[in-house]
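Structure file coords07.cif; described as mmCIF, C-alpha atoms.
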data_input
#
loop_
_atom_site.label_atom_id
_atom_site.label_comp_id
_atom_site.auth_asym_id
_atom_site.auth_seq_id
_atom_site.Cartn_x
_atom_site.Cartn_y
_atom_site.Cartn_z
CA MET A 88 36.40 -33.54 2.47
CA ILE A 89 35.79 -29.88 1.72
CA VAL A 90 38.45 -29.92 -0.99
CA GLY A 91 36.73 -32.89 -2.58
CA LYS A 92 33.42 -31.05 -2.44
CA LEU A 93 34.94 -27.93 -3.98
CA GLN A 94 36.43 -29.96 -6.81
CA GLU A 95 33.01 -31.41 -7.45
CA LEU A 96 31.41 -27.96 -7.48
CA VAL A 97 34.01 -26.58 -9.87
CA LEU A 98 32.94 -29.22 -12.36
CA GLU A 99 29.23 -29.03 -11.59
CA LEU A 100 28.67 -25.28 -11.54
CA LYS A 101 28.45 -23.34 -14.77
CA VAL A 102 29.52 -19.78 -15.41
CA GLY A 103 25.83 -18.92 -15.81
CA ASP A 104 25.20 -20.02 -12.19
CA VAL A 105 27.64 -17.56 -10.68
CA MET A 106 27.78 -14.62 -13.12
CA THR A 107 26.03 -11.29 -12.65
CA ALA A 108 23.23 -11.46 -15.19
CA ASP A 109 22.10 -8.40 -17.15
CA PRO A 110 25.02 -6.22 -16.04
CA ILE A 111 25.08 -2.47 -16.39
CA THR A 112 26.59 -1.62 -19.75
CA LEU A 113 27.74 1.37 -21.78
CA GLY A 114 27.08 2.09 -25.44
CA PRO A 115 30.01 2.88 -27.76
CA GLY A 116 28.82 6.47 -28.05
CA ASP A 117 28.56 7.06 -24.29
CA ARG A 118 31.13 9.48 -22.89
CA MET A 119 34.11 8.77 -20.66
CA SER A 120 32.43 11.06 -18.11
CA ASP A 121 29.50 8.60 -18.02
CA LEU A 122 32.01 5.86 -17.29
CA ARG A 123 33.48 7.92 -14.45
CA ASP A 124 30.04 8.36 -12.88
CA LEU A 125 29.30 4.63 -13.09
CA LEU A 126 32.69 3.63 -11.69
CA ARG A 127 32.19 6.06 -8.84
CA ALA A 128 28.63 4.97 -8.07
CA HIS A 129 29.10 1.20 -8.25
CA HIS A 130 32.81 0.58 -7.67
CA PHE A 131 32.98 -1.46 -10.86
CA SER A 132 36.40 -2.45 -12.12
CA GLY A 133 35.19 -2.49 -15.69
CA LEU A 134 32.07 -2.36 -17.86
CA PRO A 135 31.09 -4.11 -21.05
CA VAL A 136 30.38 -1.91 -24.04
CA VAL A 137 27.36 -3.08 -25.97
CA ASP A 138 25.94 -2.00 -29.32
CA ASP A 139 22.48 -3.36 -30.09
CA LYS A 140 22.95 -6.25 -27.59
CA GLN A 141 26.24 -7.22 -29.25
CA LEU A 142 29.35 -7.01 -27.12
CA VAL A 143 31.78 -4.68 -28.85
CA GLY A 144 34.36 -4.09 -26.13
CA ILE A 145 35.16 -3.63 -22.51
CA VAL A 146 36.29 -0.50 -20.73
CA SER A 147 38.06 -0.75 -17.39
CA VAL A 148 39.39 1.39 -14.58
CA GLU A 149 42.84 1.05 -16.17
CA ASP A 150 41.49 2.44 -19.44
CA PHE A 151 40.00 5.35 -17.53
CA ILE A 152 43.28 6.08 -15.72
CA LYS A 153 45.16 5.95 -19.04
CA PHE A 154 42.61 8.36 -20.49
CA LEU A 155 43.11 10.75 -17.55
CA GLY A 156 46.90 10.44 -17.84
CA ASN A 157 46.78 11.46 -21.48
CA GLY A 158 44.89 14.60 -20.50
CA LYS A 159 42.35 14.15 -23.27
CA ASP A 160 39.01 15.89 -23.44
CA ASP A 161 35.86 13.91 -22.73
CA CYS A 162 35.30 11.54 -25.63
CA ALA A 163 33.30 8.50 -26.69
CA VAL A 164 33.91 5.31 -24.76
CA GLU A 165 34.65 3.40 -27.97
CA GLU A 166 37.85 5.42 -28.44
CA GLU A 167 39.31 4.21 -25.15
CA MET A 168 37.85 0.73 -24.74
CA THR A 169 39.58 -2.56 -25.46
CA GLY A 170 37.90 -3.74 -28.61
CA VAL A 171 38.92 -7.35 -29.00
CA VAL A 172 37.49 -9.07 -25.98
CA GLN A 173 37.92 -12.53 -24.54
CA THR A 174 34.61 -14.01 -23.49
CA LEU A 175 33.11 -16.99 -21.72
CA TYR A 176 29.86 -18.82 -22.38
CA ALA A 177 27.15 -19.29 -19.75
CA ASP A 178 27.40 -23.07 -20.05
CA ASP A 179 31.18 -23.15 -19.59
CA SER A 180 32.17 -25.02 -16.44
CA LEU A 181 33.91 -23.20 -13.62
CA THR A 182 37.00 -25.33 -14.22
CA HIS A 183 37.19 -23.90 -17.70
CA ALA A 184 36.60 -20.38 -16.37
CA ILE A 185 39.32 -20.69 -13.73
CA GLY A 186 41.74 -21.85 -16.41
CA ARG A 187 40.90 -18.82 -18.53
CA PHE A 188 41.37 -16.42 -15.59
CA GLU A 189 44.74 -18.04 -14.88
CA SER A 190 46.06 -17.96 -18.42
CA SER A 191 44.83 -14.49 -19.32
CA GLY A 192 45.50 -12.66 -16.07
CA LEU A 193 42.22 -10.79 -16.67
CA GLY A 194 39.98 -9.75 -13.79
CA ARG A 195 36.64 -10.20 -15.55
CA PHE A 196 35.06 -11.84 -18.54
CA PRO A 197 31.92 -10.82 -20.36
CA VAL A 198 29.60 -13.80 -20.81
CA VAL A 199 27.95 -14.08 -24.22
CA GLU A 200 25.49 -16.35 -25.98
CA ARG A 201 27.09 -19.17 -27.90
CA SER A 202 25.16 -18.31 -31.02
CA GLY A 203 24.89 -14.66 -31.92
CA GLY A 204 27.25 -13.29 -29.29
CA ALA A 205 24.68 -11.25 -27.35
CA LEU A 206 25.90 -10.23 -23.88
CA VAL A 207 24.15 -12.11 -21.07
CA GLY A 208 26.34 -11.37 -18.04
CA ILE A 209 29.73 -10.58 -16.60
CA VAL A 210 31.80 -12.74 -14.30
CA THR A 211 34.72 -11.90 -11.97
CA LYS A 212 37.00 -14.10 -9.88
CA GLY A 213 35.02 -12.95 -6.86
CA ASP A 214 31.82 -14.25 -8.49
CA LEU A 215 33.40 -17.69 -8.86
CA ILE A 216 34.30 -17.86 -5.18
CA ARG A 217 30.98 -16.43 -3.98
CA GLY A 218 29.08 -18.84 -6.24
CA MET A 219 30.92 -21.84 -4.84
CA LEU A 220 30.49 -20.69 -1.24
CA ARG A 221 26.77 -20.12 -1.76
CA ARG A 222 26.37 -23.62 -3.15
CA LEU A 223 28.46 -25.13 -0.37
CA GLU A 224 26.36 -23.38 2.23
CA ALA A 225 23.12 -24.55 0.63
CA GLU A 226 24.35 -28.14 0.54
CA PHE A 227 25.50 -28.11 4.13
CA HIS A 228 22.15 -26.69 5.17
CA GLU A 229 20.36 -29.45 3.29
CA GLU A 230 22.59 -32.06 4.87
CA GLU A 231 21.83 -30.71 8.32
CA ILE A 232 18.08 -30.92 7.77
CA HIS A 233 18.52 -34.37 6.34
CA ARG A 234 20.46 -35.56 9.35
CA TYR A 235 17.78 -34.19 11.64
CA ARG A 236 14.77 -35.55 9.82
CA ALA A 237 12.40 -37.56 11.99
CA SER A 238 12.12 -40.26 9.35
CA HIS A 239 15.86 -40.86 9.61
CA LEU A 240 15.69 -40.93 13.36
CA PHE A 241 13.11 -43.66 13.05
CA GLU A 242 15.20 -45.62 10.58
CA ASP A 243 17.92 -45.99 13.17
CA VAL A 244 15.62 -47.17 15.93
CA GLU A 245 15.07 -50.88 16.36
CA ALA A 246 11.65 -51.53 17.79
CA ASP A 247 8.29 -52.97 16.79
CA ALA A 248 6.70 -49.56 17.09
CA THR A 249 8.35 -46.20 17.55
CA ALA A 250 6.93 -42.84 18.58
CA LEU A 251 8.47 -39.63 19.74
CA THR A 252 6.16 -38.02 22.29
CA LEU A 253 6.12 -34.26 22.74
CA ARG A 254 4.17 -33.10 25.77
CA TYR A 255 2.85 -29.60 26.31
CA ASP A 256 1.15 -28.46 29.50
CA VAL A 257 -1.59 -25.90 29.00
CA ALA A 258 -2.84 -23.68 31.82
CA GLY A 259 -6.57 -22.97 32.04
CA GLN A 260 -7.90 -19.40 31.73
CA ASP A 261 -4.44 -18.09 30.80
CA PHE A 262 -5.14 -16.10 27.64
CA LYS A 263 -1.71 -14.53 27.70
CA ARG A 264 0.07 -17.78 27.08
CA ALA A 265 -2.65 -19.32 24.96
CA GLY A 266 -1.27 -20.62 21.68
CA GLU A 267 2.25 -21.12 22.98
CA ALA A 268 2.02 -24.90 23.01
CA SER A 269 0.85 -24.97 19.39
CA SER A 270 3.59 -22.56 18.31
CA ARG A 271 6.24 -24.63 20.04
CA LEU A 272 4.85 -27.81 18.52
CA LYS A 273 4.87 -26.29 15.04
CA ARG A 274 8.49 -25.17 15.40
CA THR A 275 9.51 -28.60 16.64
CA LEU A 276 7.74 -30.40 13.79
CA SER A 277 9.49 -28.19 11.30
CA HIS A 278 12.85 -28.97 12.95
CA LEU A 279 12.01 -32.63 12.66
CA GLY A 280 11.60 -32.17 8.93
CA ILE A 281 7.83 -32.64 8.80
CA ARG A 282 6.46 -31.12 5.60
CA PRO A 283 5.34 -27.52 6.22
CA ASP A 284 1.72 -28.00 5.12
CA VAL A 285 1.35 -31.03 7.39
CA ALA A 286 3.01 -29.19 10.29
CA ARG A 287 0.56 -26.34 9.72
CA ARG A 288 -2.47 -28.65 9.82
CA VAL A 289 -1.28 -30.27 13.03
CA ALA A 290 -0.56 -26.89 14.61
CA ILE A 291 -3.96 -25.47 13.67
CA GLY A 292 -5.82 -28.47 15.07
CA CYS A 293 -3.66 -28.27 18.14
CA TYR A 294 -4.33 -24.55 18.53
CA GLU A 295 -8.09 -25.01 18.54
CA ALA A 296 -7.75 -27.76 21.14
CA GLU A 297 -5.40 -25.60 23.17
CA MET A 298 -7.90 -22.73 23.12
CA ASN A 299 -10.61 -25.11 24.31
CA LEU A 300 -8.40 -26.04 27.26
CA VAL A 301 -7.76 -22.36 28.01
CA ILE A 302 -11.38 -21.24 27.63
CA PHE A 303 -13.30 -24.10 29.21
CA THR A 304 -11.04 -26.04 31.58
CA ASP A 305 -8.58 -25.63 34.43
CA GLY A 306 -5.86 -26.78 32.10
CA GLY A 307 -4.70 -29.99 30.54
CA THR A 308 -2.05 -31.64 28.45
CA ILE A 309 -1.34 -32.00 24.78
CA ASP A 310 0.66 -35.06 23.74
CA ALA A 311 1.85 -35.12 20.17
CA GLN A 312 3.15 -38.52 19.14
CA VAL A 313 5.34 -38.35 16.09
CA ARG A 314 5.29 -41.78 14.44
CA PRO A 315 6.93 -42.96 11.23
CA ALA A 316 3.81 -42.42 9.12
CA SER A 317 1.56 -40.27 11.28
CA ILE A 318 1.29 -37.73 14.04
CA VAL A 319 -1.26 -38.44 16.74
CA VAL A 320 -2.31 -35.60 18.99
CA GLU A 321 -4.03 -36.44 22.24
CA VAL A 322 -5.55 -33.62 24.28
CA ARG A 323 -6.61 -34.43 27.80
CA ASP A 324 -8.28 -32.44 30.58
CA GLU A 325 -10.01 -33.18 33.83
CA GLY A 326 -13.23 -31.36 33.46
CA PRO A 327 -15.78 -30.02 33.34
CA GLY A 328 -16.52 -32.26 30.34
CA ILE A 329 -18.87 -31.61 27.45
CA ASP A 330 -22.59 -32.00 28.18
CA ASP A 331 -23.82 -32.60 24.68
CA LEU A 332 -21.08 -33.89 22.39
CA GLU A 333 -23.29 -34.07 19.34
CA LYS A 334 -24.18 -30.41 19.62
CA ALA A 335 -20.60 -29.43 20.41
CA LEU A 336 -19.53 -30.95 17.12
CA GLN A 337 -22.04 -28.88 15.13
CA PRO A 338 -20.50 -25.83 13.48
CA GLY A 339 -21.73 -22.66 15.16
CA TYR A 340 -22.70 -24.21 18.48
CA SER A 341 -20.82 -22.74 21.42
CA THR A 342 -21.17 -22.38 25.16
CA ALA A 343 -18.42 -19.76 25.46
CA ALA A 344 -19.00 -16.68 27.57
CA ASP A 345 -19.67 -13.33 25.88
CA TRP A 346 -16.29 -11.87 26.76
CA VAL A 347 -14.59 -14.85 25.13
CA ARG A 348 -16.66 -14.32 22.00
CA GLU A 349 -15.62 -10.69 21.90
CA LEU A 350 -12.03 -11.83 21.55
CA GLY A 351 -13.05 -13.69 18.43
CA PHE A 352 -13.17 -17.12 20.04
CA GLY A 353 -16.15 -19.28 20.87
CA ALA A 354 -17.64 -19.13 17.39
CA GLY A 355 -18.56 -22.79 17.59
CA MET A 356 -15.96 -23.71 15.03
CA GLY A 357 -13.25 -25.19 17.23
CA LEU A 358 -14.11 -28.88 17.18
CA PRO A 359 -15.35 -28.82 13.56
CA ASN A 360 -12.06 -27.17 12.58
CA ILE A 361 -10.03 -29.81 14.38
CA ARG A 362 -12.02 -32.51 12.64
CA LYS A 363 -11.40 -30.84 9.28
CA MET A 364 -7.63 -30.61 9.85
CA GLY A 365 -7.13 -34.19 10.95
CA ASP A 366 -7.43 -37.50 9.11
CA GLU A 367 -8.93 -39.35 12.07
CA PHE A 368 -10.87 -37.77 14.90
CA ASP A 369 -12.18 -39.14 18.16
CA ILE A 370 -13.58 -37.38 21.20
CA ARG A 371 -14.77 -38.87 24.48
CA SER A 372 -16.12 -36.77 27.26
CA THR A 373 -17.70 -37.42 30.63
CA ALA A 374 -19.47 -34.55 32.35
CA GLY A 375 -17.66 -33.75 35.58
CA LYS A 376 -14.69 -35.91 34.68
CA GLY A 377 -13.08 -34.55 31.58
CA THR A 378 -12.47 -34.90 27.90
CA VAL A 379 -10.01 -36.85 25.76
CA LEU A 380 -9.62 -35.74 22.19
CA THR A 381 -7.52 -37.76 19.73
CA VAL A 382 -6.65 -36.53 16.27
CA SER A 383 -4.42 -38.33 13.79
CA PHE A 384 -2.60 -36.73 10.92
CA ASP A 385 -1.36 -38.92 8.12
CA THR A 386 2.22 -38.13 7.14
CA SER A 387 2.88 -41.21 5.03
CA GLU A 388 2.49 -39.53 1.64
CA ALA A 389 4.49 -36.66 3.01
CA GLY A 390 7.74 -38.26 1.92
CA ASP A 391 8.17 -35.71 -0.82
CA GLU A 392 10.68 -33.18 0.48
CA THR A 393 9.87 -30.46 -1.97
CA ASP A 394 6.68 -29.33 -0.29
CA MET B 561 2.72 -7.67 -4.17
CA LYS B 562 5.22 -6.97 -1.44
CA LEU B 563 4.07 -5.91 2.01
CA THR B 564 6.25 -2.81 1.75
CA ASP B 565 4.49 -1.81 -1.49
CA LEU B 566 1.05 -2.19 0.10
CA MET B 567 2.20 -0.14 3.09
CA GLU B 568 3.16 2.68 0.78
CA GLU B 569 0.09 2.48 -1.46
CA LEU B 570 -2.38 2.34 1.43
CA ASP B 571 -0.50 4.44 3.96
CA LEU B 572 -0.37 1.65 6.55
CA GLY B 573 1.47 2.26 9.80
CA VAL B 574 4.03 -0.25 11.04
CA ARG B 575 3.82 -1.32 14.67
CA VAL B 576 6.00 -4.42 14.36
CA ALA B 577 8.17 -4.98 11.32
CA GLY B 578 8.50 -8.74 11.85
CA ASP B 579 10.73 -10.94 9.74
CA THR B 580 9.04 -10.43 6.45
CA LEU B 581 8.16 -6.82 5.56
CA ASN B 582 9.83 -7.68 2.29
CA GLY B 583 7.69 -10.77 1.98
CA GLU B 584 5.21 -11.35 -0.80
CA VAL B 585 1.51 -10.95 0.02
CA THR B 586 -0.17 -13.68 -2.01
CA GLY B 587 -3.73 -13.17 -0.85
CA GLY B 588 -5.99 -11.54 1.67
CA TYR B 589 -8.44 -12.51 4.40
CA ALA B 590 -10.76 -10.39 6.51
CA SER B 591 -12.37 -11.72 9.68
CA ASP B 592 -12.62 -11.09 13.39
CA LEU B 593 -13.34 -14.69 14.30
CA ILE B 594 -10.19 -16.55 15.25
CA SER B 595 -11.51 -19.97 14.27
CA ASP B 596 -12.69 -18.66 10.94
CA VAL B 597 -9.20 -17.37 10.15
CA LEU B 598 -7.67 -20.65 11.27
CA ALA B 599 -10.02 -22.57 9.03
CA HIS B 600 -10.09 -20.42 5.91
CA ALA B 601 -7.09 -18.10 5.65
CA THR B 602 -4.21 -19.27 3.48
CA ALA B 603 -0.47 -19.04 4.04
CA GLY B 604 0.79 -15.76 2.58
CA ASP B 605 -2.50 -13.91 3.21
CA LEU B 606 -2.62 -10.45 4.69
CA TRP B 607 -5.18 -10.60 7.51
CA VAL B 608 -7.50 -7.63 8.03
CA THR B 609 -9.11 -7.55 11.48
CA LEU B 610 -10.20 -5.37 14.33
CA GLN B 611 -8.98 -7.78 16.99
CA THR B 612 -6.03 -6.28 18.82
CA HIS B 613 -5.23 -8.89 21.48
CA GLN B 614 -2.11 -10.99 21.40
CA ASN B 615 -3.77 -14.19 20.23
CA ILE B 616 -3.82 -12.76 16.70
CA VAL B 617 -0.04 -13.21 16.66
CA ALA B 618 -0.21 -16.95 17.35
CA VAL B 619 -2.85 -17.34 14.63
CA ALA B 620 -0.81 -15.38 12.07
CA SER B 621 2.27 -17.37 12.94
CA LEU B 622 0.53 -20.76 12.86
CA LYS B 623 -1.02 -20.01 9.48
CA ASP B 624 2.18 -18.46 8.09
CA LEU B 625 0.27 -15.31 7.19
CA ALA B 626 2.12 -12.42 5.54
CA GLY B 627 0.99 -10.03 8.29
CA VAL B 628 -1.92 -8.53 10.20
CA VAL B 629 -3.56 -5.13 9.61
CA LEU B 630 -5.63 -3.68 12.42
CA VAL B 631 -8.34 -1.44 11.03
CA GLY B 632 -10.40 1.53 12.18
CA GLY B 633 -7.44 3.25 13.84
CA ARG B 634 -7.12 0.50 16.42
CA GLU B 635 -3.76 -0.05 18.06
CA PRO B 636 -2.29 -3.41 19.12
CA GLN B 637 -2.20 -4.12 22.83
CA GLU B 638 1.15 -4.00 24.58
CA ASP B 639 1.55 -7.77 24.87
CA THR B 640 0.50 -8.15 21.25
CA LEU B 641 3.53 -6.05 20.31
CA LEU B 642 5.86 -8.12 22.49
CA LYS B 643 4.54 -11.38 21.12
CA ALA B 644 4.73 -10.17 17.53
CA GLU B 645 8.37 -9.11 18.00
CA GLU B 646 9.06 -12.53 19.42
CA GLU B 647 7.36 -14.44 16.62
CA GLY B 648 8.48 -12.11 13.85
CA VAL B 649 4.93 -11.35 12.70
CA PRO B 650 4.40 -7.97 10.97
CA ILE B 651 1.67 -5.90 12.63
CA LEU B 652 0.34 -2.94 10.65
CA VAL B 653 -2.40 -0.40 11.37
CA SER B 654 -4.81 1.53 9.19
CA ARG B 655 -7.26 4.33 9.89
CA MET B 656 -9.58 2.90 7.24
CA THR B 657 -12.53 0.66 8.08
CA ALA B 658 -12.26 -3.01 7.16
CA PHE B 659 -14.64 -2.46 4.23
CA GLU B 660 -12.62 0.41 2.82
CA LEU B 661 -9.26 -1.28 3.28
CA VAL B 662 -10.36 -4.57 1.78
CA GLY B 663 -11.75 -2.66 -1.22
CA ARG B 664 -8.44 -0.90 -1.74
CA LEU B 665 -6.50 -4.14 -1.37
CA TYR B 666 -8.77 -5.78 -3.93
CA ALA B 667 -8.25 -2.87 -6.31
CA LEU B 668 -4.51 -3.44 -5.98
CA GLY B 669 -4.95 -7.04 -7.10
CA ILE B 670 -5.01 -8.84 -3.75
CA ARG B 671 -7.48 -11.73 -3.86
CA SER B 672 -8.75 -14.42 -1.54
CA ALA B 673 -6.68 -17.49 -2.34
CA GLU B 674 -9.45 -19.89 -1.45
CA LEU B 675 -12.04 -18.23 -3.66
CA GLU B 676 -9.67 -18.24 -6.58
CA ALA B 677 -9.16 -21.97 -6.14
CA VAL B 678 -12.92 -22.51 -6.23
CA GLU B 679 -13.43 -20.43 -9.36
CA VAL B 680 -10.74 -22.10 -11.44
#
Translate this structure into structure tokens?
Amino acid sequence: MIVGKLQELVLELKVGDVMTADPITLGPGDRMSDLRDLLRAHHFSGLPVVDDKQLVGIVSVEDFIKFLGNGKDDCAVEEEMTGVVQTLYADDSLTHAIGRFESSGLGRFPVVERSGGALVGIVTKGDLIRGMLRRLEAEFHEEEIHRYRASHLFEDVEADATALTLRYDVAGQDFKRAGEASSRLKRTLSHLGIRPDVARRVAIGCYEAEMNLVIFTDGGTIDAQVRPASIVVEVRDEGPGIDDLEKALQPGYSTAADWVRELGFGAGMGLPNIRKMGDEFDIRSTAGKGTVLTVSFDTSEAGDETD
Amino acid sequence: MKLTDLMEELDLGVRVAGDTLNGEVTGGYASDLISDVLAHATAGDLWVTLQTHQNIVAVASLKDLAGVVLVGGREPQEDTLLKAEEEGVPILVSRMTAFELVGRLYALGIRSAELEAVEV
């Protein structure tokens, strides 16, 4: 299967996808000592020689060794370079490139523009392999996400209605762990392939509700039901309940203690925020008994995978 | 602008490097009210605040913020550091006041994403 995939990639990928763009170059008048410095600094095996953007030659480690062997004084690169150069085009397929590497025995090809011959990159055998591996990795990653996607999970389930319920227990008054449930929920939604902006809205609504549980109650539960076209979050506690719901829903109204406000909470924005994040919002509260908050998030138009 | 560039320009101290010191800061938000940040900050914002407790980490992580800068020479609390390491959220510190820091950020081209959206 991998061989098949590789064959596909070799046809699909272009030289331009895998080459090093805008490579370091030398000018014909640069000295062999400049070449030495560049070879030493970057471990290049060869560099293109460019005159006014036009490729005029290539100078390699072999050329440099030959130059040393001849015991010549430092001279211009153009005297030692290979002048007639084989090139590839950016839109050549990798199959074509591999053939050229094979038949020429060369280690690198400058890549030039089809019209005009300006240098746009350089490509080595290593670049070909790295390019294919990178693409393979990206495709496998995509496939993995695809396989994991909640929507696909639902496709395989036969039922009249399907929901995946994620439950989080929240302890009251525990500021140290406050926010953990929302963070875990957000991570899980992203694993399930829910679009990031939707996951963020759910997590923010959930966080405000979680903070309400922490600040005002002895704890409660958050149930997030992931359905094919929506996520429904139900937050439940057993008291003390909200005395005046209408007021509680007004932005700026809060009954939080001063020390809570000092932490930056209790600004009277929690419930309004939750309402703003969700598509449907319902809250029922009985003083002394507890509160049930239900928020729905529409994920139906979230089919687009590109965020 | 990259977080690392801002750190250099504004002499910010790093308390937690997080996952994304190399990340792009696409906007800024300044507030000490948690709910306000949750409601109005935008993913990619750098958050300027004087809150130092660990709940700022959850907020930054939930909103996918670029990082948090604590102002006025304030230092993050111990459990804030632990949490930030865990969640990979960059925590920076500055001796400047919020006013001063925000001004410098603005001068460097950092804008409020939401405001920009309104103006266009």
- Can you tell me how far atom CA of Arg236 of chain A sits from atom CA of His278 of chain A, in Å to one decimal?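 The value is 7.5 Å.
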Output check: residues returned by the PyMOL selection byres ((chain A) within 8 of (chain B)), as a compact mmCIF listing (two decimals) with C-alpha atoms, keeping the file's coordinate frame:
# COMPACT_ATOMS: atom_id res chain seq x y z
CA PHE A 262 -5.14 -16.10 27.64
CA LYS A 263 -1.71 -14.53 27.70
CA ALA A 265 -2.65 -19.32 24.96
CA GLY A 266 -1.27 -20.62 21.68
CA GLU A 267 2.25 -21.12 22.98
CA SER A 269 0.85 -24.97 19.39
CA SER A 270 3.59 -22.56 18.31
CA LYS A 273 4.87 -26.29 15.04
CA ARG A 287 0.56 -26.34 9.72
CA ALA A 290 -0.56 -26.89 14.61
CA ILE A 291 -3.96 -25.47 13.67
CA GLU A 295 -8.09 -25.01 18.54
CA LEU A 350 -12.03 -11.83 21.55
CA GLY A 351 -13.05 -13.69 18.43
CA PHE A 352 -13.17 -17.12 20.04
CA ALA A 354 -17.64 -19.13 17.39
CA MET A 356 -15.96 -23.71 15.03
CA GLY A 357 -13.25 -25.19 17.23
CA ASN A 360 -12.06 -27.17 12.58
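Residues in contact with Ser147 of chain A at 7 Å, where all atoms listed in the file are counted and same-chain residues fewer than 3 positions away are skipped, are listed as Ser132, Gly133, Leu134, Asp150 and Phe151 of chain A.
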- Hey, which of B:Ile670, B:Ala658, B:Ala620, B:Ala644 ends up closest to Met561 of chain B? Count all atoms listed in the file.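 Looking at the shortest contact to Met561 of chain B, the residue is B:Ile670.
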- List the residues matched by the PyMOL selection byres ((chain A and resi 107-120) around 9) in the displayed structure as a ChimeraX atom specification, ordered by chain and then by residue number. /A:103-106,121-125,134-139,143-146,151,154,161-168,198,206-211,214
- Item | Atom-to-atom span, atom CA of Arg362 of chain A and atom CA of Phe241 of chain A, Å | 27.5 Å
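Here, the PyMOL selection byres ((chain B and resi 656) around 7) matches Val631, Gly632, Gly633, Ser654, Arg655, Thr657, Ala658, Glu660 and Leu661 of chain B.
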- Query: Near Asp305 of chain A, within 7 Å and counting only C-alpha atoms, which residues show up once chain neighbours fewer than 6 positions away are dropped, as a PyMOL selection string?
  - Reply: chain A and resi 258-260
